[in-house]
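Peer 1: One file: input-v2.cif (mmCIF, C-alpha atoms).
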data_my_file
#
loop_
_atom_site.group_PDB
_atom_site.id
_atom_site.type_symbol
_atom_site.label_atom_id
_atom_site.label_comp_id
_atom_site.auth_asym_id
_atom_site.auth_seq_id
_atom_site.Cartn_x
_atom_site.Cartn_y
_atom_site.Cartn_z
ATOM 1 C CA MET A 1 86.593 52.514 144.461
ATOM 2 C CA ALA A 2 90.089 51.704 143.380
ATOM 3 C CA LEU A 3 91.910 54.160 141.177
ATOM 4 C CA PRO A 4 93.587 52.772 138.073
ATOM 5 C CA HIS A 5 97.283 52.502 138.399
ATOM 6 C CA ALA A 6 99.461 54.471 135.923
ATOM 7 C CA THR A 7 101.447 52.291 133.633
ATOM 8 C CA THR A 8 105.087 52.608 134.590
ATOM 9 C CA THR A 9 108.182 50.821 133.521
ATOM 10 C CA PRO A 10 109.823 48.881 136.309
ATOM 11 C CA PRO A 11 113.152 50.363 137.305
ATOM 12 C CA ASP A 12 114.964 47.234 136.340
ATOM 13 C CA VAL A 13 113.371 47.056 132.865
ATOM 14 C CA ARG A 14 114.954 49.733 130.690
ATOM 15 C CA GLU A 15 115.820 50.054 127.056
ATOM 16 C CA PRO A 16 119.479 49.401 126.576
ATOM 17 C CA ALA A 17 121.495 52.493 125.710
ATOM 18 C CA ILE A 18 122.779 52.592 122.170
ATOM 19 C CA GLN A 19 126.489 52.034 122.356
ATOM 20 C CA PRO A 20 128.778 53.282 119.589
ATOM 21 C CA PRO A 21 130.512 50.566 117.599
ATOM 22 C CA ARG A 22 133.697 49.354 119.132
ATOM 23 C CA GLY A 23 136.708 51.273 117.854
ATOM 24 C CA THR A 24 134.742 54.407 116.849
ATOM 25 C CA ARG A 25 136.398 56.588 119.457
ATOM 26 C CA SER A 26 139.887 55.559 118.476
ATOM 27 C CA ARG A 27 139.117 56.122 114.789
ATOM 28 C CA HIS A 28 137.700 59.575 115.631
ATOM 29 C CA LYS A 29 140.905 60.537 117.431
ATOM 30 C CA VAL A 30 143.007 59.323 114.560
ATOM 31 C CA GLY A 31 140.829 61.338 112.136
ATOM 32 C CA VAL A 32 141.476 64.511 114.114
ATOM 33 C CA ARG A 33 145.219 64.037 114.255
ATOM 34 C CA ALA A 34 145.778 62.789 110.720
ATOM 35 C CA PRO A 35 145.376 66.125 108.828
ATOM 36 C CA TRP A 36 148.231 67.684 110.807
ATOM 37 C CA TRP A 37 150.597 65.009 109.589
ATOM 38 C CA PHE A 38 149.627 65.745 106.009
ATOM 39 C CA VAL A 39 150.544 69.450 106.278
ATOM 40 C CA VAL A 40 153.877 68.909 108.025
ATOM 41 C CA PRO A 41 155.861 68.517 104.750
ATOM 42 C CA ALA A 42 154.309 71.644 103.261
ATOM 43 C CA ILE A 43 154.915 73.629 106.448
ATOM 44 C CA SER A 44 158.509 72.416 106.595
ATOM 45 C CA ILE A 45 159.176 73.508 103.019
ATOM 46 C CA TYR A 46 157.515 76.876 103.662
ATOM 47 C CA LEU A 47 159.607 77.436 106.774
ATOM 48 C CA PHE A 48 162.817 76.514 104.968
ATOM 49 C CA VAL A 49 162.126 78.513 101.792
ATOM 50 C CA VAL A 50 160.223 81.556 103.096
ATOM 51 C CA VAL A 51 160.235 82.058 106.858
ATOM 52 C CA VAL A 52 163.876 81.319 107.663
ATOM 53 C CA PRO A 53 165.357 83.436 104.805
ATOM 54 C CA SER A 54 162.931 86.273 105.616
ATOM 55 C CA ALA A 55 163.850 86.221 109.298
ATOM 56 C CA ARG A 56 167.562 86.090 108.474
ATOM 57 C CA GLY A 57 167.141 88.978 106.044
ATOM 58 C CA ALA A 58 165.270 91.033 108.629
ATOM 59 C CA LEU A 59 168.144 90.405 111.036
ATOM 60 C CA PHE A 60 170.568 92.105 108.639
ATOM 61 C CA SER A 61 168.490 95.288 108.746
ATOM 62 C CA PHE A 62 169.962 95.847 112.210
ATOM 63 C CA THR A 63 173.571 95.504 110.993
ATOM 64 C CA ASP A 64 176.102 97.307 108.807
ATOM 65 C CA TRP A 65 176.569 94.336 106.439
ATOM 66 C CA ASN A 66 177.573 95.444 102.934
ATOM 67 C CA GLY A 67 176.350 92.329 101.162
ATOM 68 C CA LEU A 68 179.848 90.944 100.481
ATOM 69 C CA ARG A 69 182.073 90.637 103.503
ATOM 70 C CA PRO A 70 181.331 87.920 106.064
ATOM 71 C CA ASP A 71 181.925 90.155 109.104
ATOM 72 C CA TRP A 72 179.329 92.637 110.288
ATOM 73 C CA SER A 73 178.212 94.304 113.500
ATOM 74 C CA PHE A 74 174.900 95.385 114.955
ATOM 75 C CA VAL A 75 173.929 99.053 114.588
ATOM 76 C CA GLY A 76 170.518 98.901 116.244
ATOM 77 C CA LEU A 77 167.778 100.994 114.671
ATOM 78 C CA ASP A 78 170.106 103.240 112.673
ATOM 79 C CA ASN A 79 168.926 101.857 109.339
ATOM 80 C CA TYR A 80 165.269 102.381 110.256
ATOM 81 C CA ALA A 81 166.038 105.922 111.371
ATOM 82 C CA SER A 82 167.628 106.511 107.965
ATOM 83 C CA VAL A 83 164.517 105.152 106.247
ATOM 84 C CA PHE A 84 162.214 107.660 107.917
ATOM 85 C CA SER A 85 164.649 110.562 107.578
ATOM 86 C CA ASP A 86 165.474 109.937 103.914
ATOM 87 C CA ARG A 87 163.409 112.116 101.565
ATOM 88 C CA THR A 88 163.440 109.570 98.741
ATOM 89 C CA ALA A 89 162.108 106.859 101.041
ATOM 90 C CA ARG A 90 159.354 109.162 102.326
ATOM 91 C CA ASP A 91 158.357 110.134 98.791
ATOM 92 C CA ALA A 92 158.350 106.455 97.810
ATOM 93 C CA LEU A 93 156.042 105.618 100.706
ATOM 94 C CA VAL A 94 153.598 108.407 99.808
ATOM 95 C CA ASN A 95 153.641 107.501 96.115
ATOM 96 C CA THR A 96 153.039 103.849 96.932
ATOM 97 C CA LEU A 97 150.024 104.634 99.102
ATOM 98 C CA VAL A 98 148.534 107.005 96.502
ATOM 99 C CA LEU A 99 149.104 104.562 93.639
ATOM 100 C CA ALA A 100 147.616 101.651 95.590
ATOM 101 C CA ALA A 101 144.554 103.621 96.700
ATOM 102 C CA VAL A 102 143.739 105.119 93.286
ATOM 103 C CA ALA A 103 144.396 101.884 91.390
ATOM 104 C CA MET A 104 142.296 99.902 93.879
ATOM 105 C CA VAL A 105 139.260 102.157 93.486
ATOM 106 C CA VAL A 106 139.437 102.628 89.703
ATOM 107 C CA GLN A 107 140.245 98.990 88.943
ATOM 108 C CA ASN A 108 137.328 97.726 91.022
ATOM 109 C CA VAL A 109 134.879 100.187 89.484
ATOM 110 C CA VAL A 110 135.992 99.364 85.932
ATOM 111 C CA GLY A 111 136.072 95.626 86.659
ATOM 112 C CA LEU A 112 132.547 95.723 88.087
ATOM 113 C CA LEU A 113 131.213 97.683 85.102
ATOM 114 C CA LEU A 114 132.824 95.224 82.698
ATOM 115 C CA ALA A 115 131.367 92.288 84.634
ATOM 116 C CA LEU A 116 127.892 93.802 84.518
ATOM 117 C CA GLY A 117 128.277 94.352 80.784
ATOM 118 C CA VAL A 118 129.458 90.865 79.847
ATOM 119 C CA ASN A 119 126.938 89.267 82.219
ATOM 120 C CA SER A 120 124.106 90.502 80.020
ATOM 121 C CA MET A 121 122.578 88.437 77.252
ATOM 122 C CA VAL A 122 124.333 90.172 74.353
ATOM 123 C CA LYS A 123 125.471 87.739 71.676
ATOM 124 C CA SER A 124 129.109 88.849 71.800
ATOM 125 C CA ARG A 125 129.475 88.476 75.571
ATOM 126 C CA TYR A 126 131.856 85.507 75.309
ATOM 127 C CA VAL A 127 134.104 87.272 72.826
ATOM 128 C CA LEU A 128 134.093 90.409 74.997
ATOM 129 C CA ARG A 129 135.146 88.378 78.036
ATOM 130 C CA VAL A 130 138.175 87.081 76.163
ATOM 131 C CA ILE A 131 139.078 90.564 74.884
ATOM 132 C CA PHE A 132 138.805 92.205 78.304
ATOM 133 C CA PHE A 133 140.766 89.433 80.028
ATOM 134 C CA ALA A 134 143.504 89.236 77.382
ATOM 135 C CA PRO A 135 145.760 91.990 78.876
ATOM 136 C CA VAL A 136 146.002 90.020 82.137
ATOM 137 C CA VAL A 137 148.076 87.283 80.497
ATOM 138 C CA LEU A 138 150.709 89.774 79.337
ATOM 139 C CA THR A 139 153.912 90.129 81.306
ATOM 140 C CA PRO A 140 153.644 93.352 83.368
ATOM 141 C CA LEU A 141 157.106 94.430 82.221
ATOM 142 C CA VAL A 142 156.169 94.043 78.549
ATOM 143 C CA ALA A 143 152.877 95.867 79.064
ATOM 144 C CA GLY A 144 154.745 98.674 80.811
ATOM 145 C CA TYR A 145 157.149 99.115 77.903
ATOM 146 C CA VAL A 146 154.264 99.142 75.416
ATOM 147 C CA TRP A 147 152.471 101.864 77.356
ATOM 148 C CA SER A 148 155.674 103.882 77.718
ATOM 149 C CA PHE A 149 155.738 104.143 73.918
ATOM 150 C CA LEU A 150 152.022 104.927 73.733
ATOM 151 C CA LEU A 151 152.360 107.745 76.275
ATOM 152 C CA SER A 152 155.599 109.251 74.898
ATOM 153 C CA PRO A 153 155.448 112.818 73.465
ATOM 154 C CA ASN A 154 155.187 111.419 69.913
ATOM 155 C CA GLY A 155 153.343 108.279 70.896
ATOM 156 C CA ALA A 156 150.066 106.928 69.602
ATOM 157 C CA ILE A 157 147.918 108.643 72.230
ATOM 158 C CA ASN A 158 149.249 112.143 71.516
ATOM 159 C CA GLU A 159 149.126 111.511 67.782
ATOM 160 C CA ALA A 160 145.510 110.410 68.078
ATOM 161 C CA LEU A 161 144.666 113.599 69.979
ATOM 162 C CA ARG A 162 146.296 115.691 67.291
ATOM 163 C CA ALA A 163 144.494 113.760 64.569
ATOM 164 C CA VAL A 164 141.056 114.626 65.989
ATOM 165 C CA GLY A 165 141.911 118.281 66.549
ATOM 166 C CA LEU A 166 142.721 117.991 70.257
ATOM 167 C CA GLY A 167 146.423 118.696 69.916
ATOM 168 C CA GLY A 168 146.213 121.083 72.855
ATOM 169 C CA LEU A 169 145.685 118.075 75.106
ATOM 170 C CA ALA A 170 148.849 116.348 73.870
ATOM 171 C CA HIS A 171 151.226 116.024 76.771
ATOM 172 C CA ASP A 172 154.413 114.386 77.964
ATOM 173 C CA TRP A 173 152.434 112.149 80.253
ATOM 174 C CA LEU A 174 155.386 110.281 81.755
ATOM 175 C CA GLY A 175 157.740 113.261 81.863
ATOM 176 C CA ASP A 176 155.437 115.496 83.902
ATOM 177 C CA PRO A 177 155.634 114.891 87.675
ATOM 178 C CA ASP A 178 151.943 115.814 87.989
ATOM 179 C CA THR A 179 150.707 113.164 85.552
ATOM 180 C CA ALA A 180 153.358 110.419 85.576
ATOM 181 C CA LEU A 181 151.981 108.518 88.574
ATOM 182 C CA TYR A 182 148.421 108.566 87.237
ATOM 183 C CA ALA A 183 149.639 107.419 83.826
ATOM 184 C CA ILE A 184 151.035 104.336 85.557
ATOM 185 C CA VAL A 185 147.676 103.852 87.290
ATOM 186 C CA LEU A 186 146.019 103.963 83.855
ATOM 187 C CA GLU A 187 148.268 101.160 82.619
ATOM 188 C CA ILE A 188 147.645 99.066 85.730
ATOM 189 C CA VAL A 189 143.881 99.429 85.405
ATOM 190 C CA TRP A 190 144.031 98.593 81.689
ATOM 191 C CA GLN A 191 145.958 95.404 82.367
ATOM 192 C CA PHE A 192 144.238 94.065 85.481
ATOM 193 C CA ALA A 193 140.639 95.292 85.228
ATOM 194 C CA GLY A 194 139.880 92.055 83.386
ATOM 195 C CA TYR A 195 141.106 90.082 86.392
ATOM 196 C CA SER A 196 138.682 91.928 88.651
ATOM 197 C CA MET A 197 135.978 91.439 86.019
ATOM 198 C CA VAL A 198 136.324 87.647 86.218
ATOM 199 C CA ILE A 199 135.918 87.644 90.006
ATOM 200 C CA TYR A 200 132.890 89.923 89.874
ATOM 201 C CA LEU A 201 131.434 87.878 87.023
ATOM 202 C CA ALA A 202 131.657 84.732 89.138
ATOM 203 C CA GLY A 203 129.808 86.555 91.916
ATOM 204 C CA LEU A 204 127.112 87.801 89.543
ATOM 205 C CA GLN A 205 126.511 84.340 88.124
ATOM 206 C CA ALA A 206 126.130 82.947 91.658
ATOM 207 C CA ILE A 207 123.174 85.256 92.382
ATOM 208 C CA PRO A 208 119.922 83.248 92.100
ATOM 209 C CA ALA A 209 117.719 84.374 89.218
ATOM 210 C CA GLU A 210 114.667 84.091 91.482
ATOM 211 C CA VAL A 211 115.969 86.906 93.670
ATOM 212 C CA LEU A 212 116.333 89.256 90.715
ATOM 213 C CA GLU A 213 112.925 88.265 89.376
ATOM 214 C CA ALA A 214 111.334 88.948 92.757
ATOM 215 C CA ALA A 215 112.929 92.394 92.868
ATOM 216 C CA THR A 216 111.601 93.122 89.373
ATOM 217 C CA ILE A 217 108.107 92.023 90.349
ATOM 218 C CA ASP A 218 108.265 94.299 93.397
ATOM 219 C CA GLY A 219 108.883 97.213 91.054
ATOM 220 C CA ALA A 220 112.605 97.746 91.615
ATOM 221 C CA GLY A 221 114.329 99.647 88.823
ATOM 222 C CA PRO A 222 117.786 98.812 87.439
ATOM 223 C CA TRP A 223 119.645 101.123 89.834
ATOM 224 C CA SER A 224 117.574 100.121 92.873
ATOM 225 C CA LYS A 225 118.000 96.443 91.990
ATOM 226 C CA PHE A 226 121.769 96.865 91.676
ATOM 227 C CA ARG A 227 122.165 98.874 94.884
ATOM 228 C CA ARG A 228 119.812 96.892 97.114
ATOM 229 C CA VAL A 229 120.087 93.358 95.723
ATOM 230 C CA VAL A 230 123.118 92.783 93.507
ATOM 231 C CA LEU A 231 125.762 94.803 95.368
ATOM 232 C CA PRO A 232 125.075 93.296 98.825
ATOM 233 C CA LEU A 233 125.297 89.800 97.326
ATOM 234 C CA LEU A 234 128.674 90.710 95.762
ATOM 235 C CA ASN A 235 130.310 91.542 99.084
ATOM 236 C CA GLY A 236 132.455 88.410 98.975
ATOM 237 C CA ALA A 237 133.804 89.301 95.525
ATOM 238 C CA VAL A 238 134.387 92.880 96.679
ATOM 239 C CA VAL A 239 136.476 91.688 99.637
ATOM 240 C CA ILE A 240 138.666 89.518 97.415
ATOM 241 C CA ASN A 241 139.119 92.148 94.711
ATOM 242 C CA VAL A 242 139.879 94.994 97.084
ATOM 243 C CA MET A 243 142.484 92.968 98.959
ATOM 244 C CA LEU A 244 144.194 91.742 95.784
ATOM 245 C CA CYS A 245 144.267 95.248 94.292
ATOM 246 C CA LEU A 246 145.578 96.770 97.515
ATOM 247 C CA ILE A 247 148.405 94.269 97.933
ATOM 248 C CA GLY A 248 149.304 94.460 94.240
ATOM 249 C CA GLY A 249 149.437 98.251 94.334
ATOM 250 C CA LEU A 250 151.552 98.378 97.480
ATOM 251 C CA LYS A 251 154.236 96.118 95.983
ATOM 252 C CA GLN A 252 154.142 97.674 92.519
ATOM 253 C CA PHE A 253 157.482 97.392 90.716
ATOM 254 C CA ASP A 254 157.381 96.125 87.115
ATOM 255 C CA GLN A 255 155.256 98.813 85.509
ATOM 256 C CA VAL A 256 157.074 101.613 87.318
ATOM 257 C CA MET A 257 160.517 100.409 86.260
ATOM 258 C CA ALA A 258 159.405 99.875 82.672
ATOM 259 C CA MET A 259 157.566 103.178 82.239
ATOM 260 C CA THR A 260 159.459 105.749 84.310
ATOM 261 C CA GLY A 261 162.153 104.029 86.369
ATOM 262 C CA GLY A 262 160.840 105.998 89.355
ATOM 263 C CA GLY A 263 161.160 109.397 87.676
ATOM 264 C CA PRO A 264 160.932 112.155 86.847
ATOM 265 C CA GLY A 265 162.816 112.830 90.040
ATOM 266 C CA THR A 266 160.995 110.850 92.695
ATOM 267 C CA ALA A 267 157.505 111.510 91.302
ATOM 268 C CA THR A 268 156.800 107.815 90.662
ATOM 269 C CA GLU A 269 159.279 106.215 93.054
ATOM 270 C CA THR A 270 157.669 103.359 94.965
ATOM 271 C CA ILE A 271 158.951 101.375 97.903
ATOM 272 C CA SER A 272 159.803 98.436 95.644
ATOM 273 C CA THR A 273 161.830 100.540 93.209
ATOM 274 C CA ALA A 274 163.549 102.302 96.110
ATOM 275 C CA ILE A 275 164.529 98.916 97.565
ATOM 276 C CA TYR A 276 165.931 97.793 94.220
ATOM 277 C CA LYS A 277 167.956 100.970 93.668
ATOM 278 C CA SER A 278 169.366 101.177 97.183
ATOM 279 C CA ALA A 279 170.442 97.527 97.100
ATOM 280 C CA PHE A 280 171.696 96.942 93.569
ATOM 281 C CA SER A 281 172.596 100.472 92.422
ATOM 282 C CA LEU A 282 173.932 102.019 95.628
ATOM 283 C CA GLY A 283 174.990 98.828 97.418
ATOM 284 C CA ASP A 284 173.311 99.875 100.681
ATOM 285 C CA PHE A 285 171.904 96.479 101.584
ATOM 286 C CA PRO A 286 171.001 97.155 105.255
ATOM 287 C CA PHE A 287 169.013 100.253 104.239
ATOM 288 C CA SER A 288 167.182 98.351 101.508
ATOM 289 C CA ILE A 289 166.357 95.483 103.869
ATOM 290 C CA ALA A 290 165.032 97.933 106.459
ATOM 291 C CA LEU A 291 162.897 99.536 103.761
ATOM 292 C CA ALA A 292 161.605 96.096 102.749
ATOM 293 C CA VAL A 293 160.660 95.343 106.360
ATOM 294 C CA VAL A 294 158.773 98.645 106.545
ATOM 295 C CA MET A 295 156.944 97.791 103.326
ATOM 296 C CA THR A 296 156.024 94.354 104.696
ATOM 297 C CA VAL A 297 154.617 95.870 107.878
ATOM 298 C CA VAL A 298 152.643 98.495 105.937
ATOM 299 C CA ILE A 299 151.150 95.861 103.618
ATOM 300 C CA ALA A 300 150.262 93.563 106.515
ATOM 301 C CA VAL A 301 148.605 96.326 108.556
ATOM 302 C CA LEU A 302 146.620 97.813 105.669
ATOM 303 C CA ALA A 303 145.545 94.400 104.386
ATOM 304 C CA ALA A 304 144.416 93.345 107.880
ATOM 305 C CA VAL A 305 142.456 96.566 108.439
ATOM 306 C CA GLN A 306 140.841 96.365 105.006
ATOM 307 C CA PHE A 307 139.937 92.718 105.505
ATOM 308 C CA ARG A 308 138.391 93.349 108.925
ATOM 309 C CA LEU A 309 136.308 96.255 107.667
ATOM 310 C CA THR A 310 135.031 94.518 104.561
ATOM 311 C CA GLN A 311 134.567 91.166 106.307
ATOM 312 C CA ARG A 312 132.475 92.856 108.999
ATOM 313 C CA LYS A 313 130.298 94.314 106.267
ATOM 314 C CA VAL A 314 129.923 90.906 104.637
ATOM 315 C CA SER A 315 128.908 89.217 107.893
#
Write the structure described by the file as structure tokens, please.
Peer 2:
Amino acid sequence: MALPHATTTPPDVREPAIQPPRGTRSRHKVGVRAPWWFVVPAISIYLFVVVVPSARGALFSFTDWNGLRPDWSFVGLDNYASVFSDRTARDALVNTLVLAAVAMVVQNVVGLLLALGVNSMVKSRYVLRVIFFAPVVLTPLVAGYVWSFLLSPNGAINEALRAVGLGGLAHDWLGDPDTALYAIVLEIVWQFAGYSMVIYLAGLQAIPAEVLEAATIDGAGPWSKFRRVVLPLLNGAVVINVMLCLIGGLKQFDQVMAMTGGGPGTATETISTAIYKSAFSLGDFPFSIALAVVMTVVIAVLAAVQFRLTQRKVS
């Protein structure tokens, strides 16, 4: 009895392989290379305007250049040694770190609370968004001068405390070394909490309503829903806000100069104000450039660490 033969395709009868259209490979290569040509003008301008002047400025931190004469000589790390041995520079570094840390935490908390409030279905939510964001459009220098008057010994805040019978709390907020730095933090939070609110509000509006409805059906309360559902989905907004607040606090200059000028003493001196004074008041340009390089390194390191930590949490 003969067994049936399996149906097989002869080796010489095969389906032709699908060949890509002629010229596809060359077009693919061109498509990979083309974007680099588009960014060359922007990179060239950035190098010419930012990188080259910054590198040349950093070079002068190793010299004794006085900012005027064309001749100068290298002094090595003497300027950097002066930065770390100078008491004013050390106080400025500590004040900058404290101001940036406190402002970052308070501004994000206030911005998140404002975003949660205006994200509700209250009828005035659109008007409240405009009101809370309005201080952001003010010039920081102008806002600093306004708050310097509000916080003066006879300013509106002390007068309001006296008017409600709390005159014992009236204080020279900007003249006391213990409160001056935190008064500046108050002004910063007042002005830029609305900026953080907008970023958090965008994150809240991107959360699907079905997810919140499912959490409600499962019996989650408001706090449990916020902690277990809303906050994890806002990690991207948290990363952006924390980084922006940290960088802004570390390079703080306008509000400090407008409100206290770095005083009383060195209680509110920041790295930026110290750079300005050493360069344009004392004429010590190499010292100021060295201080600016230190500030750049501190900002870069802290921003990188913060980004890695928060980005790891997001992923």
Peer 1: Using only C-alpha atoms, find all polymer residues with an atom at most 8 Å away from the point (148.8, 116.7, 72.8); report them as an NGL selection string.
Peer 2: :A and (153 or 158-159 or 161-162 or 166-172)
Peer 1: Written as a list in words, which residues does the PyMOL selection byres ((chain A and resi 81) around 12) give for the file shown?
Peer 2: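 With the shown file as input, the PyMOL selection byres ((chain A and resi 81) around 12) matches Ser61, Phe62, Val75, Gly76, Leu77, Asp78, Asn79, Tyr80, Ser82, Val83, Phe84, Ser85, Asp86, Arg87, Ala89, Arg90, Pro286, Phe287, Ala290, Leu291 and Val294 of chain A.
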Peer 1: Do you know which residues the PyMOL selection byres ((chain A and resi 206-218) around 12) returns on this file, as an MDAnalysis selection string?
Peer 2: chainID A and resid 119 199:205 219:237
Peer 1: Go ahead and find all residues with at least one atom no further than 10 Å from (152.0, 103.3, 95.8) in the file's coordinates, using only C-alpha atoms; report them as a PyMOL selection string.
Peer 2: chain A and resi 91-103+181+185+246-253+268-272
Peer 1: Let me make sure I understand: among A:Trp190, A:Tyr276, A:Phe307, A:Trp173, which one has the smallest atom-to-atom distance to Val238 in chain A if we use only C-alpha atoms?
Peer 2: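 Once distances to Val238 in chain A are computed over only C-alpha atoms, the minimum belongs to A:Phe307.
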Peer 1: Find the distance between CA of Asn154 in chain A and CA of Asp178 in chain A and write it in Å to one decimal.
Peer 2: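 Taking CA of Asn154 in chain A and CA of Asp178 in chain A, their separation equals 18.9 Å.
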Peer 1: Could you work out how far CA of Cys245 in chain A lies from CA of Leu150 in chain A, giving the answer in Å with one decimal?
Peer 2: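 Separating CA of Leu150 in chain A from CA of Cys245 in chain A is a distance of 24.0 Å.
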Peer 1: So the first atom is CA of Pro140 in chain A and the second is CA of Met243 in chain A; what is the distance between them in Å, to one decimal place?
Peer 2: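 It comes out at 19.2 Å.
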Peer 1: If you apply the PyMOL selection byres ((chain A and resi 112) around 9) to this file, what residues do you get, as a PyMOL selection string?
Peer 2: chain A and resi 107-111+113-117+193+196-197+199-201
Peer 1: Ranking A:Leu244, A:Phe38, A:Val51, A:Thr88 by minimum distance to Gly262 in chain A and counting only C-alpha atoms, which one comes first?
Peer 2: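 Between A:Leu244, A:Phe38, A:Val51, A:Thr88, the residue approaching Gly262 in chain A most closely is A:Thr88.
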Peer 1: Which neighbours of Val142 in chain A fall inside 10 Å, counting all atoms listed in the file, when residues of the same chain fewer than 3 positions from it are skipped, and could you give them as a short mmCIF file (atom, residue, chain, number, x, y, z; two decimals) with C-alpha atoms, in the coordinates of the input?
Peer 2:
data_model
loop_
_atom_site.label_atom_id
_atom_site.label_comp_id
_atom_site.auth_asym_id
_atom_site.auth_seq_id
_atom_site.Cartn_x
_atom_site.Cartn_y
_atom_site.Cartn_z
CA LEU A 138 150.71 89.77 79.34
CA THR A 139 153.91 90.13 81.31
CA TYR A 145 157.15 99.12 77.90
CA VAL A 146 154.26 99.14 75.42
CA TRP A 147 152.47 101.86 77.36
CA SER A 148 155.67 103.88 77.72
CA ASP A 254 157.38 96.12 87.12
CA GLN A 255 155.26 98.81 85.51
CA ALA A 258 159.40 99.88 82.67
CA MET A 259 157.57 103.18 82.24
#
Peer 1: Please determine, counting all atoms listed in the file, which residue among A:Leu309, A:Ala180, A:Ile188, A:Val239 has the shortest atom-to-atom distance to Pro264 in chain A.
Peer 2: A:Ala180
Peer 1: Taking the partial coordinates given, rebuild range 173-185 of chain A to contain N, CA, C and O atoms; return it as a PDB file, in the frame of the given file.
Peer 2:
ATOM      1  N   TRP A 173     153.122 112.725  79.107  1.00  0.00           N
ATOM      2  CA  TRP A 173     152.434 112.149  80.253  1.00  0.00           C
ATOM      3  C   TRP A 173     153.383 111.550  81.274  1.00  0.00           C
ATOM      4  O   TRP A 173     153.150 111.665  82.490  1.00  0.00           O
ATOM      5  N   LEU A 174     154.446 110.923  80.838  1.00  0.00           N
ATOM      6  CA  LEU A 174     155.386 110.281  81.755  1.00  0.00           C
ATOM      7  C   LEU A 174     156.522 111.206  82.173  1.00  0.00           C
ATOM      8  O   LEU A 174     157.255 110.880  83.104  1.00  0.00           O
ATOM      9  N   GLY A 175     156.678 112.327  81.504  1.00  0.00           N
ATOM     10  CA  GLY A 175     157.740 113.261  81.863  1.00  0.00           C
ATOM     11  C   GLY A 175     157.278 114.370  82.781  1.00  0.00           C
ATOM     12  O   GLY A 175     158.101 115.140  83.277  1.00  0.00           O
ATOM     13  N   ASP A 176     155.992 114.466  83.018  1.00  0.00           N
ATOM     14  CA  ASP A 176     155.437 115.496  83.902  1.00  0.00           C
ATOM     15  C   ASP A 176     155.220 114.890  85.282  1.00  0.00           C
ATOM     16  O   ASP A 176     154.488 113.903  85.423  1.00  0.00           O
ATOM     17  N   PRO A 177     155.821 115.455  86.330  1.00  0.00           N
ATOM     18  CA  PRO A 177     155.634 114.891  87.675  1.00  0.00           C
ATOM     19  C   PRO A 177     154.181 114.879  88.127  1.00  0.00           C
ATOM     20  O   PRO A 177     153.811 114.066  88.992  1.00  0.00           O
ATOM     21  N   ASP A 178     153.345 115.755  87.570  1.00  0.00           N
ATOM     22  CA  ASP A 178     151.943 115.814  87.989  1.00  0.00           C
ATOM     23  C   ASP A 178     151.087 114.724  87.356  1.00  0.00           C
ATOM     24  O   ASP A 178     150.002 114.419  87.868  1.00  0.00           O
ATOM     25  N   THR A 179     151.523 114.164  86.252  1.00  0.00           N
ATOM     26  CA  THR A 179     150.707 113.164  85.552  1.00  0.00           C
ATOM     27  C   THR A 179     151.364 111.788  85.468  1.00  0.00           C
ATOM     28  O   THR A 179     150.696 110.811  85.102  1.00  0.00           O
ATOM     29  N   ALA A 180     152.647 111.682  85.773  1.00  0.00           N
ATOM     30  CA  ALA A 180     153.358 110.419  85.576  1.00  0.00           C
ATOM     31  C   ALA A 180     152.773 109.294  86.426  1.00  0.00           C
ATOM     32  O   ALA A 180     152.552 108.175  85.939  1.00  0.00           O
ATOM     33  N   LEU A 181     152.489 109.570  87.692  1.00  0.00           N
ATOM     34  CA  LEU A 181     151.981 108.518  88.574  1.00  0.00           C
ATOM     35  C   LEU A 181     150.606 108.033  88.113  1.00  0.00           C
ATOM     36  O   LEU A 181     150.321 106.828  88.141  1.00  0.00           O
ATOM     37  N   TYR A 182     149.766 108.954  87.667  1.00  0.00           N
ATOM     38  CA  TYR A 182     148.421 108.566  87.237  1.00  0.00           C
ATOM     39  C   TYR A 182     148.449 107.880  85.876  1.00  0.00           C
ATOM     40  O   TYR A 182     147.544 107.093  85.565  1.00  0.00           O
ATOM     41  N   ALA A 183     149.475 108.165  85.075  1.00  0.00           N
ATOM     42  CA  ALA A 183     149.639 107.419  83.826  1.00  0.00           C
ATOM     43  C   ALA A 183     149.958 105.961  84.120  1.00  0.00           C
ATOM     44  O   ALA A 183     149.487 105.047  83.418  1.00  0.00           O
ATOM     45  N   ILE A 184     150.744 105.717  85.154  1.00  0.00           N
ATOM     46  CA  ILE A 184     151.035 104.336  85.557  1.00  0.00           C
ATOM     47  C   ILE A 184     149.770 103.659  86.072  1.00  0.00           C
ATOM     48  O   ILE A 184     149.519 102.479  85.787  1.00  0.00           O
ATOM     49  N   VAL A 185     148.952 104.405  86.817  1.00  0.00           N
ATOM     50  CA  VAL A 185     147.676 103.852  87.290  1.00  0.00           C
ATOM     51  C   VAL A 185     146.804 103.450  86.102  1.00  0.00           C
ATOM     52  O   VAL A 185     146.148 102.403  86.120  1.00  0.00           O
TER      53      VAL A 185
END
